[in-house]
file coords_23.cif (mmCIF, C-alpha atoms)
data_final
#
loop_
_atom_site.label_atom_id
_atom_site.label_comp_id
_atom_site.auth_asym_id
_atom_site.auth_seq_id
_atom_site.Cartn_x
_atom_site.Cartn_y
_atom_site.Cartn_z
CA MET A 1 121.62 101.12 110.07
CA PRO A 2 121.88 102.90 106.72
CA ARG A 3 124.34 105.73 106.58
CA PRO A 4 122.52 109.08 106.71
CA ASP A 5 124.09 110.15 103.41
CA ARG A 6 122.45 107.24 101.60
CA LEU A 7 119.03 107.41 100.02
CA PRO A 8 116.51 104.94 101.41
CA PRO A 9 114.56 102.74 98.97
CA PHE A 10 111.91 104.85 97.20
CA GLU A 11 109.24 102.48 98.50
CA ARG A 12 109.92 103.90 101.97
CA VAL A 13 109.46 107.46 100.67
CA VAL A 14 106.04 106.51 99.30
CA ALA A 15 105.09 104.73 102.54
CA THR A 16 106.20 107.63 104.71
CA HIS A 17 104.93 110.60 102.71
CA GLY A 18 102.23 109.21 100.39
CA ALA A 19 99.34 110.08 102.69
CA THR A 20 100.45 113.66 103.36
CA VAL A 21 101.05 114.34 99.68
CA LEU A 22 97.60 112.94 98.87
CA ARG A 23 96.01 115.21 101.49
CA VAL A 24 97.88 118.19 100.05
CA CYS A 25 96.78 117.34 96.51
CA ARG A 26 93.16 116.87 97.60
CA ALA A 27 93.08 120.10 99.56
CA LEU A 28 94.66 121.93 96.65
CA LEU A 29 92.85 120.43 93.69
CA GLY A 30 89.85 118.36 94.77
CA PRO A 31 89.47 114.60 94.53
CA VAL A 32 89.66 113.88 90.80
CA ASP A 33 92.66 115.99 89.87
CA ALA A 34 94.33 115.05 93.17
CA ASP A 35 94.84 111.43 92.11
CA ASP A 36 96.53 112.49 88.89
CA ALA A 37 98.63 115.09 90.69
CA TRP A 38 99.72 112.48 93.27
CA SER A 39 100.65 110.02 90.53
CA GLU A 40 102.56 112.60 88.52
CA THR A 41 104.29 113.88 91.63
CA PHE A 42 105.59 110.49 92.70
CA LEU A 43 106.57 109.51 89.17
CA ALA A 44 108.55 112.75 88.78
CA ALA A 45 110.03 112.22 92.24
CA LEU A 46 111.07 108.67 91.34
CA ARG A 47 112.77 110.01 88.20
CA ALA A 48 114.73 112.66 90.10
CA TYR A 49 115.26 110.62 93.27
CA PRO A 50 118.82 109.33 92.67
CA ASP A 51 120.00 112.97 92.41
CA LEU A 52 118.23 114.17 95.56
CA GLU A 53 120.81 115.79 97.81
CA PRO A 54 121.16 113.87 101.09
CA GLY A 55 119.69 115.62 104.09
CA ARG A 56 117.02 117.40 102.03
CA ASN A 57 113.59 117.66 103.71
CA VAL A 58 111.91 114.95 101.62
CA GLU A 59 108.37 116.07 102.41
CA ALA A 60 109.12 119.66 101.35
CA TRP A 61 110.76 118.28 98.19
CA LEU A 62 107.64 116.24 97.38
CA VAL A 63 105.32 119.17 98.09
CA THR A 64 107.48 121.30 95.79
CA ILE A 65 106.95 118.80 92.98
CA ALA A 66 103.23 118.52 93.81
CA HIS A 67 103.00 122.31 93.68
CA ARG A 68 104.37 122.36 90.13
CA LYS A 69 101.91 119.65 89.12
CA ALA A 70 99.10 121.59 90.78
CA ILE A 71 100.04 124.71 88.84
CA ASP A 72 99.84 122.67 85.62
CA VAL A 73 96.42 121.36 86.57
CA HIS A 74 95.36 124.82 87.67
CA ARG A 75 96.39 126.29 84.32
CA VAL A 76 94.94 123.64 82.07
CA ARG A 77 92.31 121.38 83.52
CA ALA A 78 92.83 118.94 80.70
CA ARG A 79 94.97 115.85 81.08
CA ILE A 80 96.50 113.08 79.05
CA PRO A 81 95.43 109.76 80.55
CA VAL A 82 98.18 107.51 81.89
CA PRO A 83 98.52 103.94 80.59
CA THR A 84 96.34 101.68 82.71
CA GLU A 85 96.50 98.30 81.01
CA THR A 86 97.31 96.30 84.15
CA LEU A 87 95.59 98.65 86.58
CA PRO A 88 92.91 96.99 88.70
CA GLU A 89 89.43 98.35 89.24
CA ARG A 90 89.39 101.22 91.65
CA PRO A 91 87.92 100.16 95.00
CA ALA A 92 85.00 102.22 96.21
CA SER A 93 86.03 105.24 98.22
CA THR A 94 84.10 107.30 100.72
CA GLY A 95 83.46 111.00 100.36
CA ILE A 96 86.47 113.04 99.42
CA PRO A 97 88.15 115.10 100.63
CA GLY A 98 86.44 115.47 103.93
CA SER A 99 84.01 113.89 106.32
CA GLY A 100 81.44 116.64 106.68
CA ASP A 101 84.06 119.27 105.95
CA ASP A 102 83.41 119.38 102.22
CA GLU A 103 82.01 122.87 102.55
CA LEU A 104 85.22 124.13 104.07
CA TRP A 105 87.26 122.50 101.34
CA GLN A 106 85.06 124.13 98.74
CA ALA A 107 85.83 127.43 100.40
CA VAL A 108 89.55 126.60 100.35
CA ALA A 109 89.23 125.74 96.66
CA ALA A 110 87.72 129.16 96.04
CA LEU A 111 90.77 130.97 97.43
CA PRO A 112 93.26 132.56 95.05
CA PHE A 113 95.87 129.93 94.16
CA THR A 114 98.79 131.36 96.15
CA GLN A 115 96.67 131.81 99.29
CA ARG A 116 95.26 128.34 98.90
CA ALA A 117 98.73 126.84 98.46
CA ALA A 118 100.10 128.70 101.49
CA VAL A 119 97.19 127.59 103.68
CA VAL A 120 97.41 123.97 102.54
CA TYR A 121 101.20 123.67 102.78
CA HIS A 122 101.18 125.10 106.27
CA HIS A 123 98.06 123.49 107.72
CA VAL A 124 97.92 120.19 105.84
CA ALA A 125 101.60 119.45 105.11
CA GLY A 126 102.82 121.20 108.26
CA LEU A 127 105.65 122.97 106.44
CA PRO A 128 107.31 126.06 107.95
CA TYR A 129 106.82 129.35 106.09
CA ALA A 130 110.49 129.44 105.05
CA GLU A 131 109.97 126.18 103.11
CA ILE A 132 106.65 127.42 101.73
CA ALA A 133 108.36 130.60 100.50
CA GLU A 134 110.86 128.44 98.60
CA ILE A 135 108.01 126.55 96.97
CA LEU A 136 106.00 129.66 96.12
CA GLY A 137 109.09 131.58 95.03
CA ASN A 138 108.41 134.45 97.40
CA SER A 139 109.67 135.57 100.81
CA THR A 140 108.90 134.03 104.18
CA ASP A 141 106.87 137.13 105.07
CA ALA A 142 104.93 136.96 101.82
CA ALA A 143 104.18 133.25 102.37
CA ARG A 144 102.99 133.95 105.92
CA ARG A 145 100.87 136.87 104.67
CA ALA A 146 99.31 134.71 101.91
CA ALA A 147 98.32 132.09 104.48
CA ALA A 148 96.95 134.76 106.83
CA ASP A 149 94.92 136.31 104.00
CA GLY A 150 93.63 132.86 103.10
CA ARG A 151 92.63 132.13 106.68
CA ALA A 152 90.92 135.52 106.95
CA ALA A 153 88.92 134.78 103.80
CA LEU A 154 87.92 131.38 105.19
CA ARG A 155 86.81 132.96 108.45
CA ARG A 156 84.76 135.54 106.59
CA HIS A 157 83.21 132.70 104.61
CA TYR A 158 82.25 130.87 107.77
CA GLN A 159 80.91 133.94 109.51
CA LEU A 160 78.84 134.73 106.44
CA GLU A 161 77.63 131.19 105.85
CA THR A 162 77.05 129.94 109.35
CA GLY A 163 77.57 132.86 111.67
CA THR A 164 80.13 130.83 113.57
CA ARG A 165 83.88 131.01 113.86
CA ARG A 166 86.16 128.11 113.29
CA MET B 1 92.23 128.07 112.81
CA ASN B 2 92.11 124.31 112.57
CA LEU B 3 91.66 122.92 109.11
CA PRO B 4 90.37 119.36 108.97
CA ARG B 5 92.71 116.93 107.26
CA PRO B 6 91.42 115.61 103.93
CA GLN B 7 91.12 111.84 103.86
CA ALA B 8 93.89 109.60 102.59
CA SER B 9 92.64 106.07 103.16
CA THR B 10 94.88 103.02 102.92
CA THR B 11 92.64 101.74 100.11
CA ASP B 12 93.20 104.90 98.09
CA LEU B 13 96.92 104.83 98.78
CA ALA B 14 97.18 101.16 97.79
CA TRP B 15 95.46 101.93 94.50
CA LEU B 16 97.72 104.90 93.85
CA HIS B 17 100.74 102.74 94.68
CA THR B 18 99.65 100.14 92.11
CA ARG B 19 99.22 102.91 89.56
CA LEU B 20 102.68 104.28 90.41
CA VAL B 21 104.24 100.86 89.79
CA VAL B 22 102.52 100.63 86.38
CA ASP B 23 103.59 104.18 85.45
CA ALA B 24 107.14 103.65 86.72
CA GLN B 25 107.49 100.46 84.74
CA ALA B 26 106.14 102.12 81.58
CA ALA B 27 108.59 105.01 82.05
CA GLY B 28 111.52 102.65 82.63
CA LEU B 29 112.02 104.01 86.14
CA LEU B 30 111.50 100.84 88.15
CA ASP B 31 115.13 99.81 88.66
CA LEU B 32 114.29 97.29 91.37
CA ALA B 33 111.03 95.50 92.08
CA TYR B 34 110.45 93.32 95.11
CA ARG B 35 107.85 91.22 96.85
CA VAL B 36 107.72 88.88 99.82
CA VAL B 37 106.87 85.26 99.06
CA ASP B 38 105.66 82.84 101.72
CA SER B 39 107.55 79.57 102.01
CA PRO B 40 107.97 76.64 104.41
CA VAL B 41 111.31 78.14 105.47
CA GLY B 42 109.71 81.49 106.26
CA PRO B 43 108.80 84.48 104.10
CA LEU B 44 111.40 85.24 101.42
CA LEU B 45 112.15 88.65 100.01
CA VAL B 46 112.65 88.40 96.24
CA ALA B 47 114.02 91.38 94.31
CA ALA B 48 114.59 91.80 90.58
CA THR B 49 116.24 94.29 88.26
CA GLY B 50 115.35 94.61 84.58
CA THR B 51 117.92 91.86 83.96
CA GLY B 52 116.56 89.27 86.36
CA ILE B 53 116.28 88.12 89.94
CA VAL B 54 119.06 89.86 91.84
CA ARG B 55 118.38 89.02 95.48
CA VAL B 56 116.60 86.47 97.64
CA ALA B 57 116.70 87.00 101.40
CA PHE B 58 115.44 85.33 104.52
CA ALA B 59 113.50 87.31 107.11
CA ALA B 60 116.40 86.98 109.57
CA ASP B 61 118.53 89.15 107.26
CA GLY B 62 116.16 92.05 107.98
CA TYR B 63 114.27 93.18 104.90
CA ASP B 64 114.87 96.86 105.65
CA ASP B 65 118.62 96.29 105.78
CA ILE B 66 118.52 94.25 102.57
CA LEU B 67 116.54 96.97 100.77
CA ASP B 68 118.89 99.67 102.10
CA ASP B 69 121.80 97.66 100.78
CA LEU B 70 120.16 97.25 97.36
CA ALA B 71 119.41 100.98 97.27
CA ALA B 72 123.07 101.77 97.94
CA ARG B 73 124.58 99.14 95.64
CA ILE B 74 122.16 99.12 92.70
CA SER B 75 119.61 101.93 92.74
CA PRO B 76 117.27 103.64 95.23
CA ARG B 77 114.49 103.47 92.62
CA ILE B 78 112.90 100.54 94.42
CA LEU B 79 109.20 99.74 94.68
CA GLU B 80 107.23 96.81 96.04
CA ALA B 81 105.87 95.44 92.77
CA PRO B 82 104.47 91.93 93.27
CA ALA B 83 103.28 91.48 89.68
CA ARG B 84 106.83 91.91 88.36
CA LEU B 85 107.77 88.82 90.39
CA ASP B 86 104.80 86.58 89.62
CA SER B 87 106.91 84.10 87.72
CA ALA B 88 109.51 83.82 90.51
CA ALA B 89 106.77 83.44 93.11
CA ARG B 90 105.08 80.71 91.11
CA GLN B 91 108.31 78.78 90.54
CA LEU B 92 109.28 79.04 94.21
CA ASP B 93 105.84 77.75 95.16
CA GLU B 94 106.24 74.81 92.76
CA TYR B 95 109.70 74.11 94.16
CA PHE B 96 108.47 74.09 97.76
CA HIS B 97 105.69 71.69 96.75
CA GLY B 98 108.26 69.34 95.21
CA ARG B 99 106.92 69.91 91.71
CA ARG B 100 109.90 71.87 90.38
CA HIS B 101 113.50 70.68 90.38
CA THR B 102 115.20 73.49 88.49
CA PHE B 103 114.44 77.19 88.29
CA ASP B 104 113.90 78.73 84.91
CA LEU B 105 114.29 82.42 85.75
CA PRO B 106 116.53 85.18 84.37
CA LEU B 107 119.14 85.96 87.03
CA ASP B 108 121.14 89.12 87.65
CA LEU B 109 124.41 88.03 89.29
CA ARG B 110 125.86 91.52 89.75
CA LEU B 111 125.97 91.18 93.54
CA ALA B 112 128.44 88.28 93.29
CA THR B 113 131.85 89.16 91.88
CA GLY B 114 135.18 87.45 91.34
CA PHE B 115 135.60 83.97 92.79
CA ARG B 116 132.25 84.22 94.58
CA ARG B 117 130.60 84.61 91.20
CA ASP B 118 132.47 81.56 89.85
CA VAL B 119 131.05 79.56 92.75
CA ILE B 120 127.51 80.92 92.25
CA VAL B 121 127.63 80.06 88.56
CA HIS B 122 128.77 76.53 89.38
CA LEU B 123 126.18 75.76 92.09
CA PRO B 124 123.20 75.04 89.77
CA THR B 125 125.19 72.13 88.31
CA ILE B 126 124.71 70.29 91.61
CA GLY B 127 121.52 68.45 90.77
CA TYR B 128 118.28 68.50 92.71
CA GLY B 129 118.41 66.00 95.57
CA HIS B 130 122.22 65.80 95.41
CA THR B 131 124.89 67.43 97.52
CA ALA B 132 128.53 68.36 97.00
CA SER B 133 131.25 69.13 99.53
CA TYR B 134 132.85 72.55 99.88
CA ALA B 135 136.08 70.93 98.61
CA GLU B 136 134.37 69.51 95.53
CA VAL B 137 132.83 72.87 94.72
CA ALA B 138 136.22 74.55 95.18
CA ALA B 139 137.80 72.12 92.71
CA ALA B 140 134.95 72.50 90.23
CA SER B 141 135.20 76.30 90.45
CA GLY B 142 138.84 76.11 89.44
CA SER B 143 140.49 76.74 92.83
CA PRO B 144 140.82 73.42 94.68
CA ARG B 145 142.47 75.05 97.69
CA ALA B 146 139.80 77.72 98.13
CA VAL B 147 137.56 75.56 100.32
CA ARG B 148 137.06 78.33 102.88
CA ALA B 149 136.32 80.84 100.13
CA VAL B 150 133.60 78.51 98.85
CA GLY B 151 132.08 78.64 102.32
CA THR B 152 132.16 82.43 102.20
CA ALA B 153 130.67 82.46 98.70
CA CYS B 154 127.80 80.26 99.88
CA ALA B 155 127.28 82.35 103.00
CA LYS B 156 127.09 85.48 100.84
CA ASN B 157 125.05 83.91 98.05
CA PRO B 158 122.71 86.74 96.96
CA LEU B 159 120.23 84.21 95.56
CA PRO B 160 119.74 81.42 98.12
CA VAL B 161 117.17 78.70 97.28
CA ILE B 162 117.17 79.67 93.59
CA VAL B 163 120.96 79.21 93.40
CA PRO B 164 121.25 76.05 95.51
CA CYS B 165 124.03 76.78 97.99
CA HIS B 166 122.04 74.59 100.41
CA ARG B 167 123.37 71.59 98.44
CA VAL B 168 126.93 72.31 99.56
CA VAL B 169 127.78 70.36 102.71
CA ARG B 170 130.88 69.36 104.67
CA SER B 171 133.18 66.56 103.46
CA ASP B 172 132.72 64.77 106.80
CA GLY B 173 128.99 64.55 106.24
CA GLY B 174 128.13 67.51 108.48
CA ILE B 175 125.44 69.80 107.11
CA GLY B 176 127.57 72.96 107.37
CA GLN B 177 126.35 76.52 107.69
CA TYR B 178 123.56 78.21 105.78
CA VAL B 179 122.62 81.81 105.05
CA GLY B 180 119.05 81.07 106.10
CA GLY B 181 120.06 79.08 109.17
CA VAL B 182 120.87 75.38 109.51
CA ASP B 183 117.21 74.44 110.08
CA ALA B 184 116.25 75.96 106.74
CA LYS B 185 119.11 74.10 105.03
CA ARG B 186 118.00 70.82 106.58
CA ALA B 187 114.40 71.50 105.51
CA LEU B 188 115.46 72.19 101.91
CA LEU B 189 117.63 69.05 101.69
CA GLN B 190 114.81 67.02 103.22
CA LEU B 191 112.34 68.40 100.71
CA GLU B 192 114.64 67.50 97.84
CA SER B 193 115.39 64.00 99.10
CA SER B 194 111.72 63.14 99.61
CA ALA B 195 110.43 64.40 96.30
#
call {"tool": "encode", "arguments": {"input": "coords_23.cif", "output": "structure tokens"}}
result
Amino acid sequence: MPRPDRLPPFERVVATHGATVLRVCRALLGPVDADDAWSETFLAALRAYPDLEPGRNVEAWLVTIAHRKAIDVHRVRARIPVPTETLPERPASTGIPGSGDDELWQAVAALPFTQRAAVVYHHVAGLPYAEIAEILGNSTDAARRAAADGRAALRRHYQLETGTRR
Amino acid sequence: MNLPRPQASTTDLAWLHTRLVVDAQAAGLLDLAYRVVDSPVGPLLVAATGTGIVRVAFAADGYDDILDDLAARISPRILEAPARLDSAARQLDEYFHGRRHTFDLPLDLRLATGFRRDVIVHLPTIGYGHTASYAEVAAASGSPRAVRAVGTACAKNPLPVIVPCHRVVRSDGGIGQYVGGVDAKRALLQLESSA
């Protein structure tokens, strides 16, 4: 067994958290920008990984990095392409992000950025509000309030659009 | 409120992983690359640094333990990156088909130090299809009385198969121990004697 104060191989970090970080990026940014945000997040994480303090919540750490990338994308929706010389053709993918839930994700995408981030980090990444406050740079109460406001806006959207509650 | 979870298919994640390997390599952040290569003596884990092949391991060693050890001793910046090890995989395949007698691969011997390293450096001089006794290797490595230490060096060889510790046998004709198990050692010696 590895000692708990040792960092596992980064490959295991990708295997364990890759899917959640991709879901977070997709919920936050939509499918196209999500791929770039995921790639930039894991590349930045790989760079900083040897200095990660042992015992840190790795998922929260990754979402923190993804958040910074998402802010960049949010601010300037223009990107520099990454080198892709040996990259294979992308296999076909089914509808992103959701299966019949696209409308909801469009509504999420329409939320103000902080509300959207709070909703996604809590409901998609499963992070506690204390961690989300760290990421957003606000208080636990403010993070909880942002998520509540976001949920209220989504409910209003659904009542308006479909007359049903989710 | 229950939000649906956006998709994250294994196909998408595999593609993103490939892209991460390419980006990491371009940024000089891929300290260790590894892949698993099939062989007649079971799947082999092969790992390389920027210098060369640094580790070969049998499944019985436990790949997770091996990778944990590499993370602690070399760097945790480790990714499964098969393309980085194409040349090693091809040469191993040729070797196991009897078409290759010596490996022409850059090696990183940092995991073998001191006398163990002297032994590891000497082992490739035992030719394909030949064997040497632990005593002979001890003498050739400059410490004729260190027969037991040669046994330890072979048992801890970080690069089995590629650095041929399987060619070191007992003076009395016994096959001796092997890091990959005696059956694997017998299979390798058989392969080399029949080619």
call {"tool": "closest_residue", "arguments": {"input": "coords_23.cif", "among": "A:Leu62, A:Ala37, A:Val124, A:Ala70", "to": "chain B", "atoms": "all atoms listed in the file"}}
result
A:Val124
call {"tool": "resolve_selection", "arguments": {"input": "coords_23.cif", "expression": "the PyMOL selection byres ((chain B) within 10 of (chain A))", "output": "ChimeraX atom specification"}}
result
/B:1-24,26-30,32-34,64-65,67-72,75-81,83
call {"tool": "atom_distance", "arguments": {"input": "coords_23.cif", "atom1": "CA of Val150 in chain B", "atom2": "CA of Thr113 in chain B"}}
result
12.8 Å
call {"tool": "residues_around", "arguments": {"input": "coords_23.cif", "residues": "Ile135 in chain A", "least_positions_apart": "6", "cutoff": "12 Å", "atoms": "all atoms listed in the file", "output": "list in words"}}
result
Glu59, Ala60, Trp61, Leu62, Val63, Thr64, Ile65, Ala66, His67, Arg68, Ala70, Ile71, Thr114, Ala117, Ala118, Tyr121, His122, Leu127, Pro128, Tyr129, Ala142 and Ala143 of chain A
call {"tool": "resolve_selection", "arguments": {"input": "coords_23.cif", "expression": "the PyMOL selection byres ((chain B and resi 112) around 10)", "output": "list in words"}}
result
Val54, Asp108, Leu109, Arg110, Leu111, Thr113, Gly114, Phe115, Arg116, Arg117, Asp118, Val119, Ile120, Val121, Ala153, Lys156, Asn157, Pro158 and Leu159 of chain B
call {"tool": "atom_distance", "arguments": {"input": "coords_23.cif", "atom1": "CA of Ser139 in chain A", "atom2": "CA of Gln106 in chain A"}}
result
27.2 Å
call {"tool": "atom_distance", "arguments": {"input": "coords_23.cif", "atom1": "CA of Arg145 in chain A", "atom2": "CA of Glu131 in chain A"}}
result
14.1 Å
call {"tool": "axis_aligned_box", "arguments": {"input": "coords_23.cif", "around": "range 90-103 of chain B", "padding_each_side": "5 Å", "output": "AutoDock Vina command-line options"}}
result
--center_x 110.1 --center_y 75.0 --center_z 93.0 --size_x 20.1 --size_y 21.4 --size_z 19.5
call {"tool": "resolve_selection", "arguments": {"input": "coords_23.cif", "expression": "the PyMOL selection byres ((chain B and resi 133-142) around 7)", "output": "JSON, numbers by chain"}}
result
{"B": [118, 119, 122, 131, 132, 143, 144, 145, 146, 147, 150, 151, 168, 169, 170, 171]}
call {"tool": "residues_near_point", "arguments": {"input": "coords_23.cif", "point": "(114.7, 83.5, 98.9)", "cutoff": "10 Å", "atoms": "all atoms listed in the file", "output": "list in words"}}
result
Val36, Val37, Asp38, Ser39, Val41, Gly42, Pro43, Leu44, Leu45, Val46, Ala47, Arg55, Val56, Ala57, Phe58, Ala59, Ala88, Ala89, Leu92, Pro158, Leu159, Pro160, Val161, Ile162, Val163 and Gly180 of chain B
call {"tool": "build_atoms", "arguments": {"input": "coords_23.cif", "residues": "range 109-118 of chain A", "atoms": "all heavy atoms", "output": "PDB file, keeping the file's coordinate frame"}}
result
ATOM      1  N   ALA A 109      89.041 125.811  98.113  1.00  0.00           N
ATOM      2  CA  ALA A 109      89.230 125.740  96.660  1.00  0.00           C
ATOM      3  C   ALA A 109      88.921 127.063  95.989  1.00  0.00           C
ATOM      4  O   ALA A 109      89.410 127.340  94.888  1.00  0.00           O
ATOM      5  CB  ALA A 109      88.366 124.617  96.083  1.00  0.00           C
ATOM      6  N   ALA A 110      88.087 127.883  96.639  1.00  0.00           N
ATOM      7  CA  ALA A 110      87.720 129.160  96.040  1.00  0.00           C
ATOM      8  C   ALA A 110      88.757 130.251  96.294  1.00  0.00           C
ATOM      9  O   ALA A 110      88.686 131.333  95.719  1.00  0.00           O
ATOM     10  CB  ALA A 110      86.353 129.599  96.592  1.00  0.00           C
ATOM     11  N   LEU A 111      89.738 129.969  97.141  1.00  0.00           N
ATOM     12  CA  LEU A 111      90.770 130.970  97.430  1.00  0.00           C
ATOM     13  C   LEU A 111      91.670 131.176  96.210  1.00  0.00           C
ATOM     14  O   LEU A 111      91.844 130.250  95.422  1.00  0.00           O
ATOM     15  CB  LEU A 111      91.656 130.512  98.595  1.00  0.00           C
ATOM     16  CG  LEU A 111      91.024 130.412  99.985  1.00  0.00           C
ATOM     17  CD1 LEU A 111      92.030 129.798 100.965  1.00  0.00           C
ATOM     18  CD2 LEU A 111      90.569 131.776 100.465  1.00  0.00           C
ATOM     19  N   PRO A 112      92.242 132.369  96.086  1.00  0.00           N
ATOM     20  CA  PRO A 112      93.260 132.560  95.050  1.00  0.00           C
ATOM     21  C   PRO A 112      94.380 131.522  95.226  1.00  0.00           C
ATOM     22  O   PRO A 112      94.669 131.127  96.366  1.00  0.00           O
ATOM     23  CB  PRO A 112      93.786 133.977  95.309  1.00  0.00           C
ATOM     24  CG  PRO A 112      92.714 134.640  96.092  1.00  0.00           C
ATOM     25  CD  PRO A 112      92.018 133.581  96.881  1.00  0.00           C
ATOM     26  N   PHE A 113      94.987 131.094  94.116  1.00  0.00           N
ATOM     27  CA  PHE A 113      95.870 129.930  94.160  1.00  0.00           C
ATOM     28  C   PHE A 113      97.006 130.058  95.181  1.00  0.00           C
ATOM     29  O   PHE A 113      97.285 129.113  95.925  1.00  0.00           O
ATOM     30  CB  PHE A 113      96.458 129.662  92.759  1.00  0.00           C
ATOM     31  CG  PHE A 113      97.223 128.374  92.687  1.00  0.00           C
ATOM     32  CD1 PHE A 113      96.562 127.153  92.689  1.00  0.00           C
ATOM     33  CD2 PHE A 113      98.613 128.384  92.668  1.00  0.00           C
ATOM     34  CE1 PHE A 113      97.268 125.957  92.642  1.00  0.00           C
ATOM     35  CE2 PHE A 113      99.324 127.185  92.622  1.00  0.00           C
ATOM     36  CZ  PHE A 113      98.647 125.978  92.612  1.00  0.00           C
ATOM     37  N   THR A 114      97.647 131.214  95.232  1.00  0.00           N
ATOM     38  CA  THR A 114      98.790 131.360  96.150  1.00  0.00           C
ATOM     39  C   THR A 114      98.341 131.277  97.609  1.00  0.00           C
ATOM     40  O   THR A 114      98.990 130.635  98.430  1.00  0.00           O
ATOM     41  CB  THR A 114      99.522 132.688  95.885  1.00  0.00           C
ATOM     42  OG1 THR A 114      99.984 132.683  94.531  1.00  0.00           O
ATOM     43  CG2 THR A 114     100.720 132.847  96.808  1.00  0.00           C
ATOM     44  N   GLN A 115      97.202 131.890  97.919  1.00  0.00           N
ATOM     45  CA  GLN A 115      96.670 131.810  99.290  1.00  0.00           C
ATOM     46  C   GLN A 115      96.321 130.369  99.641  1.00  0.00           C
ATOM     47  O   GLN A 115      96.629 129.873 100.722  1.00  0.00           O
ATOM     48  CB  GLN A 115      95.418 132.681  99.433  1.00  0.00           C
ATOM     49  CG  GLN A 115      95.686 134.171  99.407  1.00  0.00           C
ATOM     50  CD  GLN A 115      94.412 134.991  99.598  1.00  0.00           C
ATOM     51  OE1 GLN A 115      93.411 134.482 100.092  1.00  0.00           O
ATOM     52  NE2 GLN A 115      94.456 136.258  99.206  1.00  0.00           N
ATOM     53  N   ARG A 116      95.666 129.721  98.682  1.00  0.00           N
ATOM     54  CA  ARG A 116      95.260 128.340  98.900  1.00  0.00           C
ATOM     55  C   ARG A 116      96.494 127.464  99.170  1.00  0.00           C
ATOM     56  O   ARG A 116      96.532 126.682 100.105  1.00  0.00           O
ATOM     57  CB  ARG A 116      94.526 127.846  97.645  1.00  0.00           C
ATOM     58  CG  ARG A 116      93.785 126.551  97.832  1.00  0.00           C
ATOM     59  CD  ARG A 116      93.355 125.940  96.505  1.00  0.00           C
ATOM     60  NE  ARG A 116      92.998 126.912  95.481  1.00  0.00           N
ATOM     61  CZ  ARG A 116      92.867 126.588  94.192  1.00  0.00           C
ATOM     62  NH1 ARG A 116      93.054 125.338  93.790  1.00  0.00           N
ATOM     63  NH2 ARG A 116      92.554 127.503  93.312  1.00  0.00           N
ATOM     64  N   ALA A 117      97.513 127.647  98.313  1.00  0.00           N
ATOM     65  CA  ALA A 117      98.730 126.840  98.460  1.00  0.00           C
ATOM     66  C   ALA A 117      99.376 127.099  99.819  1.00  0.00           C
ATOM     67  O   ALA A 117      99.774 126.161 100.527  1.00  0.00           O
ATOM     68  CB  ALA A 117      99.697 127.156  97.322  1.00  0.00           C
ATOM     69  N   ALA A 118      99.457 128.369 100.219  1.00  0.00           N
ATOM     70  CA  ALA A 118     100.100 128.700 101.490  1.00  0.00           C
ATOM     71  C   ALA A 118      99.342 128.074 102.660  1.00  0.00           C
ATOM     72  O   ALA A 118      99.935 127.512 103.585  1.00  0.00           O
ATOM     73  CB  ALA A 118     100.196 130.218 101.653  1.00  0.00           C
TER      74      ALA A 118
END
